[in-house]
Every structure is written in C-alpha cells, then in structure tokens.
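Structure, as structure tokens:
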Amino acid sequence: MTDFKARPPVGIDAIGASTEGASIYELIRDDIIEGRLKANERLVVSDLAQRHGTSTNPVREALQLLRGEGFVIFAPNRGARVRPIDQDFVRDIYEIGVLIEPALTRWFVSMATHDDIIELERIQRLIEENNFADQLRHSELDTAFHTVMYQRHYNRHAAELWWKHREVLRAVSRRFNFTLSRRAQVLRDHRELIELIKAGEAEKAAELVGRHVEGSGRHILEQMRASNAARAG
C-alpha cells in the first residue's frame with residue numbers, strides 16, 4: 001500500500017517523539033506485539049540500544065511513549081518490563097472507545113458539512129473497492145473514515161485518546177484476519193452511519209458507533225482466544 005496513509009487529527013502528533021525515538025518506538029512496539037519481547041520481560045536500555053544500533057536516549061524516549069500507551073510497565077527498583085498483551089488489555093482499551101466514540105460522533109453529526117459527507121462516501125467507496133483484500137489498506141482507510149468524524153472535535157484530549165487507543169488496537173489486530181461475518185458487519189455499519197449523518201440523527205449515529213466499536217473489540221478478543229486455544233492444543 002503506497003497511495004494512502006491515515007493521519008492523526010490535526011494538532012495531534014502521531015507519536016510525539018524525535019525522528020529517531022519514533023523509529024525505535026515502532027521497532028520495540030512491533031517486537032512486543034509479535035512476541036519477540038515476551039510478557040514481563042525486562043527492558044534494559046543499554047541492551048535495546050545495542051540491539052537497534054542507537055544511543056540510549058532514543059530508547060528511553062521510546063520506552064516512555066510505550067509506557068503511555070500501556071505496552072510497557074515501570075516498577076520501582078525494577079525498571080521497565082513488557083506488559084502482557086492479553087485479553088484484559090484489549091478489553092480495557094476498546095471499552096474506553098465505547099464510551100468516547102459515541103460522544104465524538106454525536107457532536108460530529110450536529111456540525112457535519114456537505115464536504116464531510118462527500119469525504120466519508122469517498123473513503124467508503126475505497127474501503128468497498130479494497131474489500132479487505134489488503135488488510136493494511138483496509139485498516140488505514142477505516143481509520144481515515146473515523147478521523148473525518150473526530151478530527152475537529154473541540155475536546156482535543158478526547159480526540160487524542162481515541163487516536164492513541166485506535167493505534168494500539170490496530171497494531172494488535174494486525175495478527176488476525178477478519179471473519180466473513182465481521183467484514184460484512186463493518187461495511188453495513190459504515191453505510192448506515194453515513195445515512196444517519198445525512199439525516200442528522202445524532203443519537204442513532206452515536207448508538208451505532210458504540211455497537212460498532214464494541215463489535216470490533218469483541219472480534220479481536222475472539223481471535224485472541226482462538227489463537228491461544230490453537231497454541232494450547
């Protein structure tokens with residue numbers, strides 16, 4: 001995928017780090033998500049710097065960012081360690097989304113412009129043309145769809161929290177494929193949401209987004225359970 005990249009809402013730094021710190025952040029985060037760094041494993045700054053061919057400062061910066069997202073835990077006198085990316089972690093994040101996103105949606109419907117709707121329809125066409133063939137492209141387009149709705153919200157803290165949690169769930173969900181039923185539901189939800197926005201149905205749109213976010217979170221949890229069961233078997 002080279003022709004599309006989702007961006008955070010205006011005024012929100014995608015990562016909030018120096019160029020080198022951002023690069024190390026992504027490498028360490030990928031190692032945690034893919035299991036190359038194990039749950040509860042100690043993260044020694046000097047070892048990570050040597051592993052990634054950098055100095056210690058970008059590593060410290062990356063670890064603080066990962067701490068903010070919940071991937072890394074700092075304990076007194078024990079330093080940093082990997083937080084288990086388990087079902088409780090995913091549940092906690094998507095449940096926050098269920099609380100935040102309906103409120104963001106409700107406000108958006110009250111002020112959505114004709115251009116906003118045109119943009120949502122444009123992105124939805126791209127989503128349907130892709131039809132989950134390229135899952136990375138779908139993830140980027142889906143994120144862009146929701147960013148249109150949340151990017152101008154006056155509560156920048158809420159918008160930033162949504163973005164950060166969205167990025168965490170996107171990173172975790174990369175390990176799994178969408179089921180056919182979930183694919184169909186995503187497309188139905190988006191189409192219905194656009195129609196509700198056109199009609200100015202703020203409450204119905206908010207309720208739909210709540211169900212949409214919960215469905216996405218539950219889908220990831222189901223995939224995690226299935227993966228864990230397969231490994232155990």
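Going by the structure tokens order, chains are called A, B, ..., each with residues numbered from 1, while ligands are numbered from 1 in the order shown.
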If we count only C-alpha atoms, what is near Glu207 of chain A at a cut-off of 12 Å, once residues fewer than 3 positions away on the same chain are taken out, given as a PDB file with N, CA, C and O atoms, in the first residue's frame?
ATOM      1  N   VAL A  98     -15.758   2.573  23.511  1.00  0.00           N
ATOM      2  CA  VAL A  98     -17.226   2.510  23.534  1.00  0.00           C
ATOM      3  C   VAL A  98     -17.798   3.718  24.276  1.00  0.00           C
ATOM      4  O   VAL A  98     -18.895   4.200  23.959  1.00  0.00           O
ATOM      5  N   LEU A  99     -17.059   4.238  25.244  1.00  0.00           N
ATOM      6  CA  LEU A  99     -17.506   5.413  25.987  1.00  0.00           C
ATOM      7  C   LEU A  99     -17.219   6.709  25.231  1.00  0.00           C
ATOM      8  O   LEU A  99     -18.049   7.626  25.222  1.00  0.00           O
ATOM      9  N   ILE A 100     -16.067   6.796  24.593  1.00  0.00           N
ATOM     10  CA  ILE A 100     -15.634   8.047  23.972  1.00  0.00           C
ATOM     11  C   ILE A 100     -16.245   8.281  22.595  1.00  0.00           C
ATOM     12  O   ILE A 100     -16.757   9.366  22.295  1.00  0.00           O
ATOM     13  N   GLU A 101     -16.224   7.267  21.735  1.00  0.00           N
ATOM     14  CA  GLU A 101     -16.570   7.482  20.329  1.00  0.00           C
ATOM     15  C   GLU A 101     -18.023   7.895  20.097  1.00  0.00           C
ATOM     16  O   GLU A 101     -18.294   8.725  19.226  1.00  0.00           O
ATOM     17  N   PRO A 102     -19.001   7.356  20.850  1.00  0.00           N
ATOM     18  CA  PRO A 102     -20.357   7.864  20.649  1.00  0.00           C
ATOM     19  C   PRO A 102     -20.482   9.364  20.932  1.00  0.00           C
ATOM     20  O   PRO A 102     -21.205  10.078  20.223  1.00  0.00           O
ATOM     21  N   ALA A 103     -19.781   9.840  21.953  1.00  0.00           N
ATOM     22  CA  ALA A 103     -19.828  11.272  22.261  1.00  0.00           C
ATOM     23  C   ALA A 103     -19.196  12.091  21.143  1.00  0.00           C
ATOM     24  O   ALA A 103     -19.719  13.141  20.747  1.00  0.00           O
ATOM     25  N   LEU A 104     -18.077  11.625  20.606  1.00  0.00           N
ATOM     26  CA  LEU A 104     -17.439  12.311  19.486  1.00  0.00           C
ATOM     27  C   LEU A 104     -18.358  12.308  18.263  1.00  0.00           C
ATOM     28  O   LEU A 104     -18.458  13.305  17.536  1.00  0.00           O
ATOM     29  N   THR A 105     -19.021  11.194  18.040  1.00  0.00           N
ATOM     30  CA  THR A 105     -19.919  11.064  16.894  1.00  0.00           C
ATOM     31  C   THR A 105     -21.124  11.985  17.015  1.00  0.00           C
ATOM     32  O   THR A 105     -21.526  12.648  16.052  1.00  0.00           O
ATOM     33  N   ARG A 106     -21.693  12.031  18.208  1.00  0.00           N
ATOM     34  CA  ARG A 106     -22.880  12.861  18.445  1.00  0.00           C
ATOM     35  C   ARG A 106     -22.592  14.324  18.095  1.00  0.00           C
ATOM     36  O   ARG A 106     -23.394  15.001  17.443  1.00  0.00           O
ATOM     37  N   ASP A 189     -22.313  -1.278   8.832  1.00  0.00           N
ATOM     38  CA  ASP A 189     -22.270  -0.198   9.830  1.00  0.00           C
ATOM     39  C   ASP A 189     -21.875   1.126   9.180  1.00  0.00           C
ATOM     40  O   ASP A 189     -22.479   2.174   9.467  1.00  0.00           O
ATOM     41  N   GLU A 192     -24.750   2.503   6.988  1.00  0.00           N
ATOM     42  CA  GLU A 192     -25.835   3.013   7.813  1.00  0.00           C
ATOM     43  C   GLU A 192     -25.435   4.298   8.512  1.00  0.00           C
ATOM     44  O   GLU A 192     -26.238   5.238   8.638  1.00  0.00           O
ATOM     45  N   LEU A 193     -24.192   4.367   8.965  1.00  0.00           N
ATOM     46  CA  LEU A 193     -23.723   5.558   9.663  1.00  0.00           C
ATOM     47  C   LEU A 193     -23.762   6.776   8.746  1.00  0.00           C
ATOM     48  O   LEU A 193     -24.191   7.864   9.165  1.00  0.00           O
ATOM     49  N   LEU A 196     -27.304   7.980   8.512  1.00  0.00           N
ATOM     50  CA  LEU A 196     -27.749   8.645   9.737  1.00  0.00           C
ATOM     51  C   LEU A 196     -27.153  10.041   9.854  1.00  0.00           C
ATOM     52  O   LEU A 196     -27.813  10.971  10.328  1.00  0.00           O
ATOM     53  N   GLU A 201     -29.359  12.379  12.384  1.00  0.00           N
ATOM     54  CA  GLU A 201     -29.798  11.532  13.506  1.00  0.00           C
ATOM     55  C   GLU A 201     -28.623  11.279  14.460  1.00  0.00           C
ATOM     56  O   GLU A 201     -27.999  10.216  14.449  1.00  0.00           O
ATOM     57  N   ALA A 202     -28.353  12.264  15.295  1.00  0.00           N
ATOM     58  CA  ALA A 202     -27.163  12.209  16.142  1.00  0.00           C
ATOM     59  C   ALA A 202     -27.213  11.059  17.138  1.00  0.00           C
ATOM     60  O   ALA A 202     -26.212  10.355  17.334  1.00  0.00           O
ATOM     61  N   GLU A 203     -28.346  10.872  17.801  1.00  0.00           N
ATOM     62  CA  GLU A 203     -28.432   9.825  18.828  1.00  0.00           C
ATOM     63  C   GLU A 203     -28.318   8.433  18.211  1.00  0.00           C
ATOM     64  O   GLU A 203     -27.627   7.561  18.744  1.00  0.00           O
ATOM     65  N   LYS A 204     -28.996   8.225  17.095  1.00  0.00           N
ATOM     66  CA  LYS A 204     -28.927   6.925  16.442  1.00  0.00           C
ATOM     67  C   LYS A 204     -27.521   6.645  15.920  1.00  0.00           C
ATOM     68  O   LYS A 204     -27.025   5.518  15.991  1.00  0.00           O
ATOM     69  N   GLY A 210     -21.270   3.093  18.969  1.00  0.00           N
ATOM     70  CA  GLY A 210     -20.990   2.312  20.174  1.00  0.00           C
ATOM     71  C   GLY A 210     -21.014   0.821  19.887  1.00  0.00           C
ATOM     72  O   GLY A 210     -20.129   0.079  20.322  1.00  0.00           O
ATOM     73  N   ARG A 211     -22.028   0.372  19.157  1.00  0.00           N
ATOM     74  CA  ARG A 211     -22.111  -1.054  18.785  1.00  0.00           C
ATOM     75  C   ARG A 211     -20.964  -1.447  17.861  1.00  0.00           C
ATOM     76  O   ARG A 211     -20.415  -2.552  17.975  1.00  0.00           O
ATOM     77  N   HIS A 212     -20.607  -0.542  16.962  1.00  0.00           N
ATOM     78  CA  HIS A 212     -19.534  -0.792  16.003  1.00  0.00           C
ATOM     79  C   HIS A 212     -18.193  -1.000  16.716  1.00  0.00           C
ATOM     80  O   HIS A 212     -17.458  -1.943  16.424  1.00  0.00           O
ATOM     81  N   VAL A 213     -17.895  -0.117  17.658  1.00  0.00           N
ATOM     82  CA  VAL A 213     -16.634  -0.209  18.405  1.00  0.00           C
ATOM     83  C   VAL A 213     -16.619  -1.465  19.270  1.00  0.00           C
ATOM     84  O   VAL A 213     -15.613  -2.177  19.331  1.00  0.00           O
ATOM     85  N   GLU A 214     -17.735  -1.735  19.928  1.00  0.00           N
ATOM     86  CA  GLU A 214     -17.800  -2.942  20.755  1.00  0.00           C
ATOM     87  C   GLU A 214     -17.645  -4.199  19.900  1.00  0.00           C
ATOM     88  O   GLU A 214     -16.950  -5.143  20.287  1.00  0.00           O
TER      89      GLU A 214
END
How would you write, as a short mmCIF file (atom, residue, chain, number, x, y, z; two decimals) with all heavy atoms, in the first residue's frame, the set of residues in segment 4-217 of chain A that DSSP gives as strand (DSSP E or B)?
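Writing the result to result_5.cif gives the following:
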data_model
loop_
_atom_site.label_atom_id
_atom_site.label_comp_id
_atom_site.auth_asym_id
_atom_site.auth_seq_id
_atom_site.Cartn_x
_atom_site.Cartn_y
_atom_site.Cartn_z
N ARG A 42 12.18 -8.01 31.11
CA ARG A 42 12.81 -6.74 31.46
C ARG A 42 13.34 -6.06 30.21
O ARG A 42 13.85 -6.70 29.30
CB ARG A 42 13.96 -6.95 32.45
CG ARG A 42 13.51 -7.28 33.86
CD ARG A 42 14.70 -7.20 34.81
NE ARG A 42 15.22 -5.84 34.92
CZ ARG A 42 16.54 -5.54 34.92
NH1 ARG A 42 17.45 -6.48 34.81
NH2 ARG A 42 16.91 -4.29 35.05
N LEU A 43 13.20 -4.74 30.17
CA LEU A 43 13.66 -3.95 29.04
C LEU A 43 14.84 -3.10 29.51
O LEU A 43 14.66 -2.07 30.15
CB LEU A 43 12.52 -3.07 28.52
CG LEU A 43 11.31 -3.85 27.98
CD1 LEU A 43 10.13 -2.91 27.74
CD2 LEU A 43 11.66 -4.59 26.70
N VAL A 72 4.35 -0.88 28.04
CA VAL A 72 5.49 -1.04 28.96
C VAL A 72 5.07 -0.59 30.35
O VAL A 72 4.34 0.39 30.51
CB VAL A 72 6.69 -0.21 28.46
CG1 VAL A 72 7.79 -0.13 29.52
CG2 VAL A 72 7.25 -0.81 27.17
N ILE A 73 5.55 -1.33 31.35
CA ILE A 73 5.27 -1.02 32.75
C ILE A 73 6.59 -0.70 33.45
O ILE A 73 7.58 -1.40 33.25
CB ILE A 73 4.59 -2.21 33.46
CG1 ILE A 73 3.25 -2.53 32.79
CG2 ILE A 73 4.38 -1.92 34.94
CD1 ILE A 73 2.62 -3.82 33.27
N PHE A 74 6.58 0.36 34.25
CA PHE A 74 7.75 0.71 35.05
C PHE A 74 7.44 0.38 36.51
O PHE A 74 6.41 0.79 37.04
CB PHE A 74 8.08 2.19 34.92
CG PHE A 74 8.82 2.55 33.66
CD1 PHE A 74 8.14 2.66 32.46
CD2 PHE A 74 10.18 2.77 33.68
CE1 PHE A 74 8.81 2.99 31.30
CE2 PHE A 74 10.86 3.10 32.52
CZ PHE A 74 10.18 3.21 31.33
N ALA A 75 8.34 -0.36 37.14
CA ALA A 75 8.17 -0.72 38.55
C ALA A 75 9.35 -0.16 39.34
O ALA A 75 10.49 -0.19 38.87
CB ALA A 75 8.12 -2.24 38.70
N GLY A 79 12.86 -1.22 37.06
CA GLY A 79 12.95 -0.71 35.71
C GLY A 79 11.72 -1.05 34.87
O GLY A 79 10.64 -1.30 35.39
N ALA A 80 11.93 -1.09 33.56
CA ALA A 80 10.83 -1.31 32.62
C ALA A 80 10.70 -2.79 32.28
O ALA A 80 11.68 -3.52 32.23
CB ALA A 80 11.07 -0.50 31.35
N ARG A 81 9.47 -3.21 32.04
CA ARG A 81 9.22 -4.56 31.57
C ARG A 81 8.03 -4.56 30.61
O ARG A 81 7.26 -3.59 30.56
CB ARG A 81 8.96 -5.51 32.73
CG ARG A 81 7.77 -5.18 33.60
CD ARG A 81 7.67 -6.11 34.81
NE ARG A 81 6.59 -5.74 35.71
CZ ARG A 81 5.34 -6.18 35.60
NH1 ARG A 81 5.02 -7.01 34.60
NH2 ARG A 81 4.40 -5.81 36.45
N VAL A 82 7.88 -5.62 29.87
CA VAL A 82 6.83 -5.72 28.86
C VAL A 82 5.50 -6.03 29.54
O VAL A 82 5.39 -6.96 30.34
CB VAL A 82 7.16 -6.83 27.84
CG1 VAL A 82 6.00 -7.02 26.86
CG2 VAL A 82 8.45 -6.51 27.11
#
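The nearest approach to Arg218 of chain A among the residues A:Leu136, A:Leu169, A:Ala22, A:Ile118, with only C-alpha atoms taken into account, belongs to A:Leu169.
If only C-alpha atoms are the atoms counted, then among A:Glu195, A:Asn130, A:Leu180, A:Arg225 the closest residue to Asp88 of chain A is A:Arg225.
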One number please: atom CA of Val44 of chain A to atom CA of Thr19 of chain A, in Å, one decimal.
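Interatomic distance here is 21.1 Å.
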DSSP on the backbone, then: every residue of segment 5-132 of chain A marked helix (DSSP H, G or I), written as a compact mmCIF listing (two decimals) with N, CA and C atoms, in the first residue's frame.
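Generated output (selection-v5.txt):
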# COMPACT_ATOMS: atom_id res chain seq x y z
N THR A 19 12.60 11.99 15.61
CA THR A 19 12.59 11.04 14.50
C THR A 19 13.20 9.71 14.90
N GLU A 20 14.33 9.75 15.59
CA GLU A 20 14.99 8.51 16.00
C GLU A 20 14.20 7.80 17.09
N GLY A 21 13.67 8.59 18.03
CA GLY A 21 12.86 7.98 19.09
C GLY A 21 11.61 7.33 18.54
N ALA A 22 10.98 7.95 17.53
CA ALA A 22 9.79 7.38 16.91
C ALA A 22 10.12 6.07 16.21
N SER A 23 11.27 6.03 15.55
CA SER A 23 11.68 4.81 14.86
C SER A 23 11.91 3.66 15.84
N ILE A 24 12.59 3.94 16.96
CA ILE A 24 12.84 2.91 17.96
C ILE A 24 11.55 2.49 18.63
N TYR A 25 10.68 3.46 18.86
CA TYR A 25 9.35 3.16 19.43
C TYR A 25 8.62 2.12 18.59
N GLU A 26 8.60 2.32 17.28
CA GLU A 26 7.88 1.40 16.40
C GLU A 26 8.53 0.02 16.40
N LEU A 27 9.86 -0.03 16.44
CA LEU A 27 10.55 -1.31 16.44
C LEU A 27 10.26 -2.09 17.73
N ILE A 28 10.33 -1.41 18.87
CA ILE A 28 10.09 -2.09 20.14
C ILE A 28 8.62 -2.50 20.25
N ARG A 29 7.73 -1.62 19.82
CA ARG A 29 6.30 -1.96 19.87
C ARG A 29 6.01 -3.20 19.02
N ASP A 30 6.59 -3.26 17.84
CA ASP A 30 6.39 -4.44 16.97
C ASP A 30 6.95 -5.70 17.63
N ASP A 31 8.09 -5.57 18.30
CA ASP A 31 8.68 -6.73 18.98
C ASP A 31 7.76 -7.22 20.10
N ILE A 32 7.10 -6.29 20.79
CA ILE A 32 6.18 -6.67 21.87
C ILE A 32 4.94 -7.35 21.29
N ILE A 33 4.36 -6.74 20.27
CA ILE A 33 3.12 -7.27 19.69
C ILE A 33 3.36 -8.63 19.05
N VAL A 45 17.75 -0.65 28.90
CA VAL A 45 18.00 0.41 27.93
C VAL A 45 19.26 0.15 27.12
N SER A 46 20.35 -0.20 27.79
CA SER A 46 21.62 -0.41 27.07
C SER A 46 21.52 -1.59 26.10
N ASP A 47 20.81 -2.64 26.50
CA ASP A 47 20.65 -3.80 25.62
C ASP A 47 19.82 -3.45 24.39
N LEU A 48 18.76 -2.68 24.60
CA LEU A 48 17.91 -2.29 23.47
C LEU A 48 18.65 -1.34 22.53
N ALA A 49 19.45 -0.46 23.09
CA ALA A 49 20.24 0.46 22.26
C ALA A 49 21.21 -0.33 21.37
N GLN A 50 21.86 -1.32 21.97
CA GLN A 50 22.79 -2.15 21.19
C GLN A 50 22.05 -2.96 20.12
N ARG A 51 20.91 -3.48 20.50
CA ARG A 51 20.11 -4.30 19.57
C ARG A 51 19.68 -3.51 18.34
N HIS A 52 19.35 -2.23 18.56
CA HIS A 52 18.83 -1.42 17.45
C HIS A 52 19.86 -0.43 16.91
N THR A 56 21.35 5.52 23.90
CA THR A 56 20.35 5.21 24.93
C THR A 56 19.21 6.22 24.98
N ASN A 57 19.45 7.46 24.57
CA ASN A 57 18.41 8.48 24.68
C ASN A 57 17.15 8.16 23.86
N PRO A 58 17.28 7.78 22.58
CA PRO A 58 16.07 7.41 21.83
C PRO A 58 15.34 6.21 22.43
N VAL A 59 16.07 5.30 23.04
CA VAL A 59 15.44 4.14 23.67
C VAL A 59 14.63 4.59 24.87
N ARG A 60 15.20 5.44 25.71
CA ARG A 60 14.46 5.96 26.86
C ARG A 60 13.20 6.70 26.41
N GLU A 61 13.34 7.50 25.36
CA GLU A 61 12.19 8.22 24.82
C GLU A 61 11.11 7.25 24.36
N ALA A 62 11.53 6.20 23.64
CA ALA A 62 10.58 5.20 23.13
C ALA A 62 9.88 4.48 24.27
N LEU A 63 10.61 4.13 25.31
CA LEU A 63 10.01 3.41 26.43
C LEU A 63 8.96 4.26 27.16
N GLN A 64 9.22 5.57 27.25
CA GLN A 64 8.23 6.44 27.89
C GLN A 64 6.96 6.52 27.05
N LEU A 65 7.11 6.55 25.73
CA LEU A 65 5.94 6.55 24.85
C LEU A 65 5.16 5.25 24.99
N LEU A 66 5.88 4.15 25.03
CA LEU A 66 5.24 2.84 25.17
C LEU A 66 4.58 2.69 26.54
N ARG A 67 5.16 3.32 27.52
CA ARG A 67 4.54 3.33 28.85
C ARG A 67 3.20 4.06 28.80
N GLY A 68 3.19 5.19 28.09
CA GLY A 68 1.96 5.96 27.97
C GLY A 68 0.86 5.20 27.27
N GLU A 69 1.22 4.31 26.35
CA GLU A 69 0.23 3.52 25.63
C GLU A 69 -0.13 2.23 26.35
N GLN A 87 -5.99 -10.46 26.85
CA GLN A 87 -7.37 -10.10 26.58
C GLN A 87 -7.87 -8.97 27.48
N ASP A 88 -7.39 -8.91 28.70
CA ASP A 88 -7.79 -7.83 29.60
C ASP A 88 -7.32 -6.47 29.05
N PHE A 89 -6.12 -6.44 28.52
CA PHE A 89 -5.55 -5.22 27.95
C PHE A 89 -6.42 -4.73 26.79
N VAL A 90 -6.76 -5.63 25.89
CA VAL A 90 -7.59 -5.26 24.73
C VAL A 90 -8.98 -4.84 25.18
N ARG A 91 -9.55 -5.60 26.12
CA ARG A 91 -10.90 -5.26 26.62
C ARG A 91 -10.93 -3.86 27.21
N ASP A 92 -9.93 -3.53 28.03
CA ASP A 92 -9.91 -2.22 28.67
C ASP A 92 -9.88 -1.10 27.63
N ILE A 93 -9.08 -1.29 26.58
CA ILE A 93 -8.94 -0.24 25.58
C ILE A 93 -10.22 -0.07 24.77
N TYR A 94 -10.80 -1.18 24.31
CA TYR A 94 -11.99 -1.00 23.47
C TYR A 94 -13.18 -0.51 24.29
N GLU A 95 -13.24 -0.86 25.58
CA GLU A 95 -14.34 -0.36 26.41
C GLU A 95 -14.26 1.15 26.58
N ILE A 96 -13.06 1.69 26.64
CA ILE A 96 -12.91 3.15 26.68
C ILE A 96 -13.41 3.75 25.38
N GLY A 97 -13.11 3.09 24.25
CA GLY A 97 -13.62 3.55 22.97
C GLY A 97 -15.13 3.57 22.90
N VAL A 98 -15.76 2.57 23.51
CA VAL A 98 -17.23 2.51 23.53
C VAL A 98 -17.80 3.72 24.28
N LEU A 99 -17.06 4.24 25.24
CA LEU A 99 -17.51 5.41 25.99
C LEU A 99 -17.22 6.71 25.23
N ILE A 100 -16.07 6.80 24.59
CA ILE A 100 -15.63 8.05 23.97
C ILE A 100 -16.25 8.28 22.60
N GLU A 101 -16.22 7.27 21.74
CA GLU A 101 -16.57 7.48 20.33
C GLU A 101 -18.02 7.90 20.10
N PRO A 102 -19.00 7.36 20.85
CA PRO A 102 -20.36 7.86 20.65
C PRO A 102 -20.48 9.36 20.93
N ALA A 103 -19.78 9.84 21.95
CA ALA A 103 -19.83 11.27 22.26
C ALA A 103 -19.20 12.09 21.14
N LEU A 104 -18.08 11.63 20.61
CA LEU A 104 -17.44 12.31 19.49
C LEU A 104 -18.36 12.31 18.26
N THR A 105 -19.02 11.19 18.04
CA THR A 105 -19.92 11.06 16.89
C THR A 105 -21.12 11.98 17.01
N ARG A 106 -21.69 12.03 18.21
CA ARG A 106 -22.88 12.86 18.44
C ARG A 106 -22.59 14.32 18.09
N TRP A 107 -21.43 14.79 18.51
CA TRP A 107 -21.05 16.18 18.21
C TRP A 107 -20.83 16.36 16.72
N PHE A 108 -20.18 15.38 16.08
CA PHE A 108 -19.90 15.50 14.65
C PHE A 108 -21.19 15.62 13.84
N VAL A 109 -22.17 14.80 14.15
CA VAL A 109 -23.42 14.84 13.39
C VAL A 109 -24.06 16.22 13.47
N SER A 110 -23.91 16.88 14.60
CA SER A 110 -24.54 18.18 14.79
C SER A 110 -23.89 19.26 13.94
N MET A 111 -22.66 19.04 13.45
CA MET A 111 -21.98 20.07 12.69
C MET A 111 -21.39 19.58 11.36
N HIS A 114 -21.56 19.28 4.13
CA HIS A 114 -21.72 18.51 2.89
C HIS A 114 -20.38 17.91 2.47
N ASP A 115 -19.30 18.67 2.62
CA ASP A 115 -17.98 18.18 2.25
C ASP A 115 -17.56 16.99 3.13
N ASP A 116 -17.92 17.03 4.40
CA ASP A 116 -17.62 15.90 5.29
C ASP A 116 -18.29 14.63 4.77
N ILE A 117 -19.54 14.74 4.41
CA ILE A 117 -20.28 13.57 3.94
C ILE A 117 -19.70 13.06 2.63
N ILE A 118 -19.34 13.98 1.74
CA ILE A 118 -18.70 13.57 0.48
C ILE A 118 -17.41 12.81 0.76
N GLU A 119 -16.63 13.27 1.74
CA GLU A 119 -15.37 12.61 2.06
C GLU A 119 -15.61 11.23 2.67
N LEU A 120 -16.60 11.11 3.55
CA LEU A 120 -16.93 9.80 4.11
C LEU A 120 -17.36 8.83 3.01
N GLU A 121 -18.14 9.31 2.08
CA GLU A 121 -18.58 8.46 0.97
C GLU A 121 -17.41 8.06 0.08
N ARG A 122 -16.48 8.98 -0.13
CA ARG A 122 -15.30 8.67 -0.94
C ARG A 122 -14.46 7.58 -0.29
N ILE A 123 -14.21 7.72 1.01
CA ILE A 123 -13.40 6.72 1.71
C ILE A 123 -14.13 5.38 1.75
N GLN A 124 -15.46 5.43 1.96
CA GLN A 124 -16.22 4.18 1.98
C GLN A 124 -16.15 3.46 0.64
N ARG A 125 -16.16 4.20 -0.46
CA ARG A 125 -16.01 3.56 -1.78
C ARG A 125 -14.67 2.85 -1.88
N LEU A 126 -13.62 3.49 -1.37
CA LEU A 126 -12.29 2.87 -1.40
C LEU A 126 -12.25 1.62 -0.52
N ILE A 127 -12.92 1.69 0.62
CA ILE A 127 -13.00 0.52 1.52
C ILE A 127 -13.67 -0.64 0.79
N GLU A 128 -14.77 -0.34 0.12
CA GLU A 128 -15.51 -1.42 -0.55
C GLU A 128 -14.78 -1.92 -1.79
N GLU A 129 -14.07 -1.05 -2.48
CA GLU A 129 -13.27 -1.49 -3.62
C GLU A 129 -12.15 -2.43 -3.17
N ASN A 130 -11.55 -2.11 -2.04
CA ASN A 130 -10.49 -2.97 -1.50
C ASN A 130 -11.06 -4.29 -1.00
Distance of atom CA of Leu37 of chain A from atom CA of Ser216 of chain A, expressed in Å to one decimal place
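So the answer is 25.8 Å.
Proximity ranking of A:Ala112, A:Pro76, A:Gly53, A:Met224 relative to Lys198 of chain A places A:Ala112 first, based on only C-alpha atoms.
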